[in-house]
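Trainee: Just upload18.txt, nothing more (compact mmCIF, C-alpha atoms):
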```
# COMPACT_ATOMS: atom_id res chain seq x y z
CA MET A 1 -30.46 4.41 -37.14
CA ASP A 2 -32.27 1.65 -35.25
CA ALA A 3 -34.05 -0.97 -37.36
CA VAL A 4 -37.84 -0.94 -37.37
CA VAL A 5 -39.23 -3.70 -35.14
CA ARG A 6 -41.94 -5.44 -37.15
CA GLU A 7 -44.49 -6.85 -34.73
CA ASP A 8 -47.70 -6.59 -36.73
CA ILE A 9 -49.12 -8.99 -39.30
CA VAL A 10 -51.55 -7.79 -41.97
CA PHE A 11 -54.30 -10.35 -42.62
CA VAL A 12 -56.32 -9.92 -45.82
CA GLY A 13 -59.71 -11.58 -46.33
CA ASP A 14 -61.49 -12.30 -49.62
CA VAL A 15 -60.02 -10.10 -52.38
CA HIS A 16 -61.70 -11.60 -55.48
CA LEU A 17 -59.41 -10.13 -58.11
CA GLY A 18 -61.35 -9.90 -61.37
CA ARG A 19 -64.58 -8.55 -59.91
CA ARG A 20 -66.05 -5.07 -60.37
CA PRO A 21 -68.73 -3.17 -58.42
CA VAL A 22 -72.23 -3.89 -59.72
CA GLY A 23 -75.05 -1.59 -60.81
CA LEU A 24 -73.05 1.64 -60.93
CA ASP A 25 -72.31 2.19 -64.63
CA ALA A 26 -74.49 5.30 -65.08
CA ALA A 27 -73.34 6.90 -61.84
CA LEU A 28 -69.66 6.24 -62.54
CA GLU A 29 -69.98 7.83 -65.95
CA GLU A 30 -71.56 10.93 -64.40
CA LEU A 31 -68.80 11.15 -61.78
CA HIS A 32 -66.03 10.45 -64.32
CA LEU A 33 -64.93 7.34 -62.44
CA ARG A 34 -63.76 4.06 -63.91
CA PRO A 35 -64.90 0.74 -62.39
CA SER A 36 -61.23 -0.17 -61.89
CA GLN A 37 -60.91 2.74 -59.42
CA LEU A 38 -63.36 0.96 -57.09
CA SER A 39 -62.18 -2.59 -57.73
CA PRO A 40 -60.50 -5.21 -55.52
CA ALA A 41 -57.30 -4.49 -57.46
CA GLU A 42 -57.41 -0.87 -56.27
CA ALA A 43 -58.19 -1.97 -52.70
CA LEU A 44 -55.23 -4.36 -52.82
CA ALA A 45 -52.92 -1.62 -54.12
CA ARG A 46 -54.01 0.61 -51.24
CA THR A 47 -53.33 -2.18 -48.76
CA VAL A 48 -49.86 -2.69 -50.19
CA ARG A 49 -49.15 1.05 -49.97
CA HIS A 50 -50.16 0.94 -46.32
CA ALA A 51 -47.80 -1.98 -45.73
CA LEU A 52 -44.94 -0.15 -47.43
CA ASP A 53 -45.54 2.99 -45.37
CA ASP A 54 -45.66 1.02 -42.10
CA PRO A 55 -44.03 -2.37 -42.75
CA PRO A 56 -45.57 -5.38 -40.98
CA ARG A 57 -43.86 -8.66 -40.18
CA ALA A 58 -45.82 -10.35 -42.99
CA VAL A 59 -48.91 -10.07 -45.20
CA VAL A 60 -51.24 -13.09 -45.13
CA PHE A 61 -54.13 -13.76 -47.56
CA ALA A 62 -57.00 -15.94 -46.30
CA GLY A 63 -58.22 -17.39 -49.60
CA ASP A 64 -60.32 -16.31 -52.61
CA LEU A 65 -57.59 -13.96 -53.73
CA VAL A 66 -58.87 -14.65 -57.26
CA ASP A 67 -62.57 -14.60 -58.11
CA GLN A 68 -62.78 -17.19 -60.90
CA ASP A 69 -60.51 -19.32 -63.05
CA ASP A 70 -61.33 -17.03 -66.00
CA ASP A 71 -59.74 -14.12 -64.10
CA ALA A 72 -56.38 -15.86 -63.78
CA PHE A 73 -54.43 -13.79 -66.30
CA GLU A 74 -55.71 -10.45 -65.01
CA ALA A 75 -55.04 -11.62 -61.45
CA PHE A 76 -51.52 -12.76 -62.35
CA ALA A 77 -50.49 -9.30 -63.54
CA ILE A 78 -51.95 -7.61 -60.45
CA LEU A 79 -50.53 -10.15 -58.01
CA GLU A 80 -47.09 -10.08 -59.61
CA ARG A 81 -46.95 -6.28 -59.43
CA GLU A 82 -48.12 -5.93 -55.83
CA VAL A 83 -46.10 -8.85 -54.45
CA GLN A 84 -42.94 -7.52 -56.05
CA ARG A 85 -43.46 -4.22 -54.24
CA LEU A 86 -43.73 -6.07 -50.91
CA GLU A 87 -40.80 -8.35 -51.72
CA ARG A 88 -38.53 -5.41 -52.52
CA ALA A 89 -39.39 -4.00 -49.09
CA GLY A 90 -38.51 -7.29 -47.40
CA ILE A 91 -42.11 -8.09 -46.41
CA PRO A 92 -42.91 -11.83 -46.75
CA VAL A 93 -46.25 -12.82 -48.26
CA PHE A 94 -48.24 -15.96 -47.44
CA ALA A 95 -51.55 -17.17 -48.87
CA ILE A 96 -54.01 -20.02 -48.63
CA ALA A 97 -56.37 -21.08 -51.41
CA GLY A 98 -60.13 -20.75 -50.96
CA ASN A 99 -63.05 -22.35 -52.74
CA HIS A 100 -62.98 -19.77 -55.58
CA ASP A 101 -59.27 -20.14 -56.30
CA GLY A 102 -58.46 -23.62 -55.03
CA LEU A 103 -57.43 -24.75 -58.49
CA VAL A 104 -55.94 -21.59 -59.97
CA LEU A 105 -54.08 -19.99 -57.05
CA PRO A 106 -51.39 -22.70 -56.79
CA LYS A 107 -50.63 -22.16 -60.48
CA LEU A 108 -50.40 -18.42 -60.05
CA VAL A 109 -48.28 -18.59 -56.91
CA ALA A 110 -45.85 -20.91 -58.66
CA ARG A 111 -45.14 -18.08 -61.12
CA VAL A 112 -44.98 -15.23 -58.59
CA PRO A 113 -41.78 -15.30 -56.55
CA GLY A 114 -42.30 -13.93 -53.06
CA VAL A 115 -45.58 -15.69 -52.24
CA GLN A 116 -45.63 -18.87 -50.18
CA LEU A 117 -48.77 -20.98 -50.47
CA LEU A 118 -49.67 -22.64 -47.15
CA GLY A 119 -51.34 -26.02 -46.84
CA GLU A 120 -51.39 -26.82 -50.55
CA GLY A 121 -53.47 -29.85 -51.48
CA GLY A 122 -55.55 -29.77 -48.29
CA ARG A 123 -52.76 -30.65 -45.87
CA TRP A 124 -51.98 -28.42 -42.88
CA GLN A 125 -48.66 -26.60 -42.82
CA ARG A 126 -46.79 -24.47 -40.28
CA VAL A 127 -44.27 -21.75 -41.07
CA GLU A 128 -42.13 -19.82 -38.64
CA LEU A 129 -42.10 -16.04 -38.67
CA PRO A 130 -38.94 -15.00 -36.85
CA ALA A 131 -38.81 -12.16 -34.36
CA ASP A 132 -36.97 -9.17 -35.80
CA SER A 133 -35.39 -8.20 -32.50
CA PRO A 134 -34.68 -9.78 -29.12
CA GLY A 135 -37.66 -7.96 -27.61
CA SER A 136 -40.27 -9.13 -30.12
CA ARG A 137 -42.20 -12.38 -29.95
CA ALA A 138 -41.91 -15.16 -32.52
CA VAL A 139 -45.03 -16.19 -34.45
CA ASP A 140 -45.89 -19.57 -35.95
CA LEU A 141 -48.43 -19.42 -38.77
CA VAL A 142 -50.59 -22.49 -39.49
CA GLY A 143 -52.65 -22.70 -42.69
CA TRP A 144 -54.74 -24.99 -44.90
CA SER A 145 -55.73 -24.58 -48.56
CA PHE A 146 -58.76 -25.83 -50.48
CA PRO A 147 -57.67 -28.71 -52.73
CA ALA A 148 -60.76 -28.28 -54.95
CA ARG A 149 -63.73 -25.96 -55.46
CA HIS A 150 -65.82 -27.89 -52.96
CA PHE A 151 -64.86 -29.56 -49.70
CA GLN A 152 -67.60 -31.05 -47.54
CA THR A 153 -65.65 -32.19 -44.46
CA CYS A 154 -64.08 -30.22 -41.63
CA PRO A 155 -60.59 -28.96 -42.56
CA LEU A 156 -59.40 -29.66 -39.01
CA ASP A 157 -59.81 -33.37 -39.70
CA GLN A 158 -57.40 -33.28 -42.63
CA GLY A 159 -53.81 -34.45 -42.60
CA GLY A 160 -50.92 -32.62 -41.04
CA LEU A 161 -52.63 -30.57 -38.31
CA ASP A 162 -51.32 -32.59 -35.37
CA GLU A 163 -47.82 -32.62 -36.83
CA ALA A 164 -47.93 -28.90 -37.53
CA LEU A 165 -49.05 -28.04 -34.01
CA ALA A 166 -46.61 -30.49 -32.44
CA GLY A 167 -43.75 -28.57 -34.02
CA ARG A 168 -44.75 -25.20 -32.62
CA ARG A 169 -41.93 -23.27 -30.99
CA PRO A 170 -42.02 -22.76 -27.22
CA GLY A 171 -43.15 -19.23 -26.42
CA ALA A 172 -44.27 -18.43 -29.96
CA LEU A 173 -47.73 -17.13 -30.77
CA VAL A 174 -49.54 -19.65 -32.98
CA LEU A 175 -52.00 -18.12 -35.45
CA GLY A 176 -54.26 -20.05 -37.80
CA VAL A 177 -55.46 -18.94 -41.23
CA LEU A 178 -58.34 -20.86 -42.77
CA HIS A 179 -60.97 -20.50 -45.47
CA GLY A 180 -64.20 -22.19 -44.43
CA ASP A 181 -67.81 -22.14 -43.31
CA LEU A 182 -67.82 -21.33 -39.60
CA ASP A 183 -70.46 -23.17 -37.52
CA ALA A 184 -72.25 -24.59 -40.57
CA ALA A 185 -73.86 -27.97 -39.81
CA SER A 186 -73.11 -29.06 -43.37
CA SER A 187 -71.52 -27.21 -46.23
CA SER A 188 -69.61 -27.68 -49.47
CA TYR A 189 -67.11 -25.05 -48.32
CA GLY A 190 -65.16 -26.53 -45.43
CA PRO A 191 -67.59 -26.55 -42.48
CA VAL A 192 -65.78 -25.96 -39.19
CA PRO A 193 -67.31 -25.62 -35.71
CA ARG A 194 -66.10 -22.68 -33.64
CA ARG A 195 -65.80 -25.07 -30.71
CA ARG A 196 -63.18 -27.08 -32.61
CA LEU A 197 -61.17 -23.95 -33.32
CA GLU A 198 -61.29 -22.97 -29.67
CA GLN A 199 -60.16 -26.43 -28.59
CA ALA A 200 -57.18 -26.39 -30.97
CA GLY A 201 -55.37 -24.11 -28.53
CA LEU A 202 -54.16 -21.46 -30.99
CA ASP A 203 -53.80 -17.79 -30.07
CA GLY A 204 -56.10 -16.70 -32.89
CA TRP A 205 -57.90 -17.84 -36.03
CA PHE A 206 -58.37 -15.58 -39.05
CA LEU A 207 -60.91 -16.85 -41.57
CA GLY A 208 -61.86 -16.17 -45.15
CA HIS A 209 -65.05 -17.10 -47.06
CA VAL A 210 -67.88 -15.02 -45.52
CA HIS A 211 -67.65 -11.38 -46.62
CA GLN A 212 -69.12 -9.86 -43.45
CA PRO A 213 -66.28 -9.09 -41.01
CA GLY A 214 -66.52 -10.74 -37.61
CA ASP A 215 -65.71 -9.37 -34.18
CA LEU A 216 -61.95 -9.74 -33.95
CA ALA A 217 -61.48 -7.19 -31.17
CA THR A 218 -60.65 -9.80 -28.54
CA GLU A 219 -57.33 -11.00 -27.13
CA ARG A 220 -57.92 -14.41 -28.70
CA PRO A 221 -59.82 -13.61 -31.91
CA ILE A 222 -61.70 -16.22 -33.93
CA GLY A 223 -63.69 -14.97 -36.90
CA TYR A 224 -63.99 -13.72 -40.43
CA LEU A 225 -61.77 -11.03 -41.88
CA GLY A 226 -64.49 -10.11 -44.37
CA SER A 227 -64.05 -8.94 -47.95
CA LEU A 228 -61.31 -6.47 -48.78
CA VAL A 229 -63.83 -4.14 -50.46
CA GLY A 230 -67.61 -4.29 -50.84
CA MET A 231 -68.78 -5.07 -54.35
CA ASP A 232 -72.57 -5.02 -54.03
CA PRO A 233 -75.38 -3.62 -51.83
CA GLY A 234 -75.23 -6.63 -49.52
CA GLU A 235 -71.68 -5.79 -48.40
CA THR A 236 -72.40 -2.72 -46.30
CA GLY A 237 -70.18 -0.97 -43.80
CA ARG A 238 -66.46 -0.99 -43.24
CA ARG A 239 -64.33 -3.32 -45.32
CA GLY A 240 -60.57 -3.82 -45.37
CA ALA A 241 -57.57 -5.80 -44.19
CA TRP A 242 -56.75 -6.27 -40.51
CA ARG A 243 -53.55 -5.31 -38.74
CA VAL A 244 -52.88 -7.74 -35.90
CA THR A 245 -50.43 -6.86 -33.13
CA PRO A 246 -49.10 -9.19 -30.41
CA THR A 247 -49.70 -7.82 -26.90
CA ALA A 248 -48.78 -8.93 -23.41
CA GLY A 249 -52.22 -10.51 -23.01
CA GLY A 250 -52.72 -11.90 -26.51
CA LEU A 251 -53.54 -10.02 -29.71
CA ARG A 252 -54.97 -6.69 -30.79
CA ALA A 253 -56.70 -6.59 -34.20
CA ARG A 254 -57.47 -3.31 -35.98
CA GLN A 255 -59.38 -3.11 -39.24
CA LEU A 256 -57.88 -0.88 -41.93
CA ASP A 257 -60.53 1.24 -43.65
CA LEU A 258 -58.77 1.54 -47.01
CA GLY A 259 -61.50 0.50 -49.45
CA PRO A 260 -62.24 2.94 -52.30
CA VAL A 261 -66.02 2.33 -52.18
CA ARG A 262 -68.40 1.83 -49.28
CA TRP A 263 -71.98 0.59 -49.41
CA GLU A 264 -74.60 1.68 -46.86
CA HIS A 265 -78.28 1.00 -46.22
CA LEU A 266 -79.69 3.93 -44.23
CA ASN A 267 -83.01 4.88 -42.72
CA VAL A 268 -84.21 8.45 -43.32
CA ASP A 269 -87.17 9.36 -41.12
CA LEU A 270 -89.20 12.29 -42.45
CA GLU A 271 -91.23 15.07 -40.88
CA PRO A 272 -93.96 16.76 -42.95
CA ASP A 273 -91.87 19.90 -43.61
CA GLN A 274 -88.99 17.80 -44.93
CA ALA A 275 -91.08 16.24 -47.69
CA VAL A 276 -93.33 19.01 -48.97
CA ASP A 277 -91.95 18.44 -52.46
CA SER A 278 -89.21 16.38 -54.13
CA PHE A 279 -86.70 19.27 -54.13
CA THR A 280 -87.04 19.83 -50.37
CA LEU A 281 -86.81 16.09 -49.81
CA HIS A 282 -83.66 15.89 -51.95
CA ALA A 283 -81.98 18.55 -49.77
CA HIS A 284 -83.02 16.74 -46.58
CA LEU A 285 -81.77 13.42 -47.96
CA GLN A 286 -78.35 14.94 -48.66
CA ALA A 287 -78.16 16.49 -45.20
CA GLU A 288 -79.25 13.27 -43.50
CA VAL A 289 -76.73 11.12 -45.39
CA GLU A 290 -74.01 13.58 -44.38
CA ARG A 291 -75.17 13.51 -40.75
CA GLN A 292 -75.25 9.72 -40.54
CA LEU A 293 -71.90 9.22 -42.21
CA GLY A 294 -70.35 11.88 -40.01
CA ALA A 295 -71.70 10.16 -36.90
CA ASP A 296 -70.23 6.79 -37.93
CA ALA A 297 -66.89 6.37 -36.14
CA THR A 298 -65.84 3.72 -38.68
CA PHE A 299 -66.22 6.08 -41.65
CA ASP A 300 -63.08 7.79 -42.95
CA ALA A 301 -63.73 10.15 -45.86
CA SER A 302 -60.01 10.44 -46.60
CA HIS A 303 -60.00 6.88 -47.97
CA GLN A 304 -63.44 6.54 -49.55
CA ARG A 305 -63.68 7.50 -53.20
CA LEU A 306 -67.40 6.78 -53.32
CA VAL A 307 -70.27 5.92 -50.97
CA VAL A 308 -73.21 4.01 -52.45
CA VAL A 309 -76.45 4.37 -50.52
CA ARG A 310 -79.76 2.59 -50.43
CA ALA A 311 -82.22 4.32 -48.14
CA ASP A 312 -85.59 3.59 -46.56
CA LEU A 313 -87.76 6.72 -46.39
CA THR A 314 -90.04 6.45 -43.35
CA GLY A 315 -92.49 8.64 -41.44
CA ARG A 316 -96.18 9.62 -41.31
CA LEU A 317 -96.87 12.36 -43.87
CA PRO A 318 -100.07 14.18 -44.81
CA GLU A 319 -98.84 14.45 -48.39
CA ARG A 320 -96.57 11.90 -50.06
CA ALA A 321 -96.38 13.17 -53.64
CA GLY A 322 -92.83 14.52 -53.19
CA VAL A 323 -91.67 11.16 -51.88
CA ARG A 324 -93.15 9.35 -54.85
CA GLU A 325 -91.53 11.80 -57.27
CA LEU A 326 -88.05 11.41 -55.79
CA VAL A 327 -88.34 7.62 -55.58
CA GLN A 328 -89.37 7.51 -59.23
CA ALA A 329 -86.52 9.83 -60.24
CA CYS A 330 -84.05 7.56 -58.46
CA ARG A 331 -85.40 4.55 -60.37
CA GLN A 332 -84.72 6.34 -63.64
CA ALA A 333 -81.20 7.49 -62.71
CA PRO A 334 -79.10 7.32 -59.54
CA ILE A 335 -79.03 10.48 -57.43
CA THR A 336 -75.54 11.89 -56.86
CA PHE A 337 -74.26 14.58 -54.50
CA GLN A 338 -71.42 15.34 -52.09
CA ALA A 339 -71.70 14.42 -48.42
CA ALA A 340 -69.18 13.95 -45.60
CA GLY A 341 -66.35 14.93 -47.92
CA THR A 342 -66.92 12.35 -50.63
CA ASP A 343 -69.09 11.55 -53.64
CA VAL A 344 -72.36 9.79 -52.83
CA VAL A 345 -74.54 7.76 -55.16
CA VAL A 346 -78.07 7.08 -53.96
CA GLN A 347 -78.68 3.89 -55.88
CA ARG A 348 -82.15 3.07 -54.60
CA LEU A 349 -84.87 4.71 -52.47
CA TYR A 350 -87.63 2.72 -50.80
CA ASP A 351 -90.89 4.42 -49.91
CA ARG A 352 -91.80 3.15 -46.42
CA THR A 353 -93.76 6.29 -45.51
```
Just give me the structure as structure tokens.
Mentor:
Amino acid sequence: MDAVVREDIVFVGDVHLGRRPVGLDAALEELHLRPSQLSPAEALARTVRHALDDPPRAVVFAGDLVDQDDDAFEAFAILEREVQRLERAGIPVFAIAGNHDGLVLPKLVARVPGVQLLGEGGRWQRVELPADSPGSRAVDLVGWSFPARHFQTCPLDQGGLDEALAGRRPGALVLGVLHGDLDAASSSYGPVPRRRLEQAGLDGWFLGHVHQPGDLATERPIGYLGSLVGMDPGETGRRGAWRVTPTAGGLRARQLDLGPVRWEHLNVDLEPDQAVDSFTLHAHLQAEVERQLGADATFDASHQRLVVVRADLTGRLPERAGVRELVQACRQAPITFQAAGTDVVVQRLYDRT
């Protein structure tokens, strides 16, 4: 049987092992869910399962794999388990340290065979990912790690970058992985101008630090991978790792929607007959959440274990008592129902009517 040609690379943004979703204790108890089922550890396990089912050329972590130093021992057990699964499948794993784990990740990686830390100590490093067959293209990976929790100068000005790029292989794609503050005038977290990244001449830059994913759907992507899974109401929409494929014209990046929990902030516009009382409004809210999730091309119910919703109720109504009742009920306890094939928790309602 012919060997599988591994062209793709899976890039993983901020994981933050050790964190849990916030503000959901009552709802999780009602739904018989444990916080660990919605955690970064679960999202990482799902990503690893995806990689084992469809092996990539490598898995690359873009910093903040661990949330805090205090989470080191929990993170060690998770990292050791998941990396061993990848290692047994022959999938190499690379990582850079971010501002959250700049001090602890090198210690963890030293104890987890199968992970190579790139750019340790704030010095740029290049590694060569070989092509698995004569028809596939070689890739050079360039990375830099935080040497401390704070770093106020541009990482591109640190040692080793020129040497790393000078050693690039002719014909190889050169991809950069960096944890930093893109286009920040000043920052304690590695400020880096997009212009400087563009001028570096790489085929793509994949960044950690900001949890909102960027637009990576270009042939020469430069932007944030985003968090692996949303952990609070500010991290709405699709979250997950990215699968990056070399193409004839550059790169194709596809986000993997594998997170167990998804956060959404929706607008529900009301007509008078939809809000005559709180029970009628509850039914309309459920139907509208289902409609909006179903219309979202990025939503995949087969992967989501839970959707957490905050919603603005809007519209001009002759009678608003039903709205007030439902908003008050939601303050006392989250509203739960099924929609679009998954459990939904309405965590907060805002009366904008």
Trainee: For Ala340 in chain A, which of A:Pro35, A:Gly294, A:Gly204, A:Pro193 is the closest residue, counting all atoms listed in the file?
Mentor: A:Gly294
Trainee: If I take CA of Ala184 in chain A and CA of Gln152 in chain A, how far is one from the other in Å, to one decimal?
Mentor: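 Taking CA of Ala184 in chain A and CA of Gln152 in chain A, their separation equals 10.6 Å.
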Trainee: Any idea what the distance is between CA of Leu182 in chain A and CA of Gly18 in chain A?
Mentor: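 CA of Gly18 in chain A lies 25.4 Å from CA of Leu182 in chain A.
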Trainee: Can you tell me, as an MDAnalysis selection string, what residues are no more than 12 Å from range 326-333 of chain A when counting all atoms listed in the file, ignoring any on the same chain fewer than 2 positions away?
Mentor: chainID A and resid 23:30 275:285 309:313 320:324 335:336 345:353
Trainee: Do a neighbour search on Gly167 in chain A at 12 Å with all atoms listed in the file, toss out local chain neighbours closer than 5 positions, and write the hits as a list in words.
Mentor: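 Close residues of Gly167 in chain A: Gln125, Arg126, Val127, Glu128, Asp140, Leu141, Val142, Gly160, Leu161, Asp162, Ala172 and Val174 of chain A.
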Trainee: Please, what distance in Å, to one decimal, runs between CA of Pro92 in chain A and CA of Ala58 in chain A?
Mentor: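 Between these atoms lies a distance of 5.0 Å.
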Trainee: Considering all atoms listed in the file, can you say which of A:Leu175, A:Ala97, A:Ala166, A:Leu197 comes closest to Ala62 in chain A?
Mentor: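 Distance minimum relative to Ala62 in chain A lands on A:Ala97.
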Trainee: Could you name the residues that touch Ser227 in chain A at 8 Å or less, counting only C-alpha atoms, but leaving out those on the same chain fewer than 2 positions away, as an mmCIF file with C-alpha atoms, keeping the file's coordinate frame?
Mentor:
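Below is the file selection_31.cif, written as the result:
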```cif
data_model
loop_
_atom_site.group_PDB
_atom_site.id
_atom_site.type_symbol
_atom_site.label_atom_id
_atom_site.label_comp_id
_atom_site.auth_asym_id
_atom_site.auth_seq_id
_atom_site.Cartn_x
_atom_site.Cartn_y
_atom_site.Cartn_z
ATOM 1 C CA GLY A 13 -59.710 -11.580 -46.330
ATOM 2 C CA ASP A 14 -61.490 -12.300 -49.620
ATOM 3 C CA VAL A 15 -60.020 -10.100 -52.380
ATOM 4 C CA VAL A 210 -67.880 -15.020 -45.520
ATOM 5 C CA HIS A 211 -67.650 -11.380 -46.620
ATOM 6 C CA GLN A 212 -69.120 -9.860 -43.450
ATOM 7 C CA PRO A 213 -66.280 -9.090 -41.010
ATOM 8 C CA LEU A 225 -61.770 -11.030 -41.880
ATOM 9 C CA VAL A 229 -63.830 -4.140 -50.460
ATOM 10 C CA GLY A 230 -67.610 -4.290 -50.840
ATOM 11 C CA ARG A 239 -64.330 -3.320 -45.320
ATOM 12 C CA GLY A 240 -60.570 -3.820 -45.370
#
```
Trainee: Of the residues A:Gly114, A:Gly98, A:Pro170, A:Gly226, which is the one nearest to Gln255 in chain A, using all atoms listed in the file?
Mentor: A:Gly226
Trainee: Restricting the calculation to all atoms listed in the file: of A:Val307, A:Leu117, A:Ala148, A:Val93, which residue gets closest to Pro233 in chain A?
Mentor: A:Val307
Trainee: Can you work out which one of A:Ser39, A:Thr236, A:Thr314, A:Thr247 has the shortest atom-to-atom distance to Glu271 in chain A, counting all atoms listed in the file?
Mentor: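 Result for the nearest residue to Glu271 in chain A: A:Thr314.
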Trainee: Contacts of Val344 in chain A at 7 Å or less, counting only C-alpha atoms, minus same-chain residues fewer than 3 places along, as a CSV table (one decimal) with C-alpha atoms, keeping the file's coordinate frame?
Mentor:
```csv
chain,number,residue,atom,x,y,z
A,306,LEU,CA,-67.4,6.8,-53.3
A,307,VAL,CA,-70.3,5.9,-51.0
A,308,VAL,CA,-73.2,4.0,-52.4
A,336,THR,CA,-75.5,11.9,-56.9
A,337,PHE,CA,-74.3,14.6,-54.5
A,338,GLN,CA,-71.4,15.3,-52.1
A,339,ALA,CA,-71.7,14.4,-48.4
```
Trainee: May I have the residues within 8 Å of range 43-49 of chain A as a list in words, using only C-alpha atoms and disregarding those fewer than 3 positions away in the same chain?
Mentor: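 These residues fall inside the cut-off: Val15, Leu38, Ser39, Pro40, Leu52, Asp53, Glu82, Arg85, Leu86, Leu228, Val229, Gly240, Ala241, Leu258, Gly259 and Pro260 of chain A.
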Trainee: Ranking A:Leu173, A:Ile222, A:Leu178, A:Ala41 by minimum distance to Gly63 in chain A and counting all atoms listed in the file, which one comes first?
Mentor: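 Comparing A:Leu173, A:Ile222, A:Leu178, A:Ala41 against Gly63 in chain A, the winner is A:Leu178.
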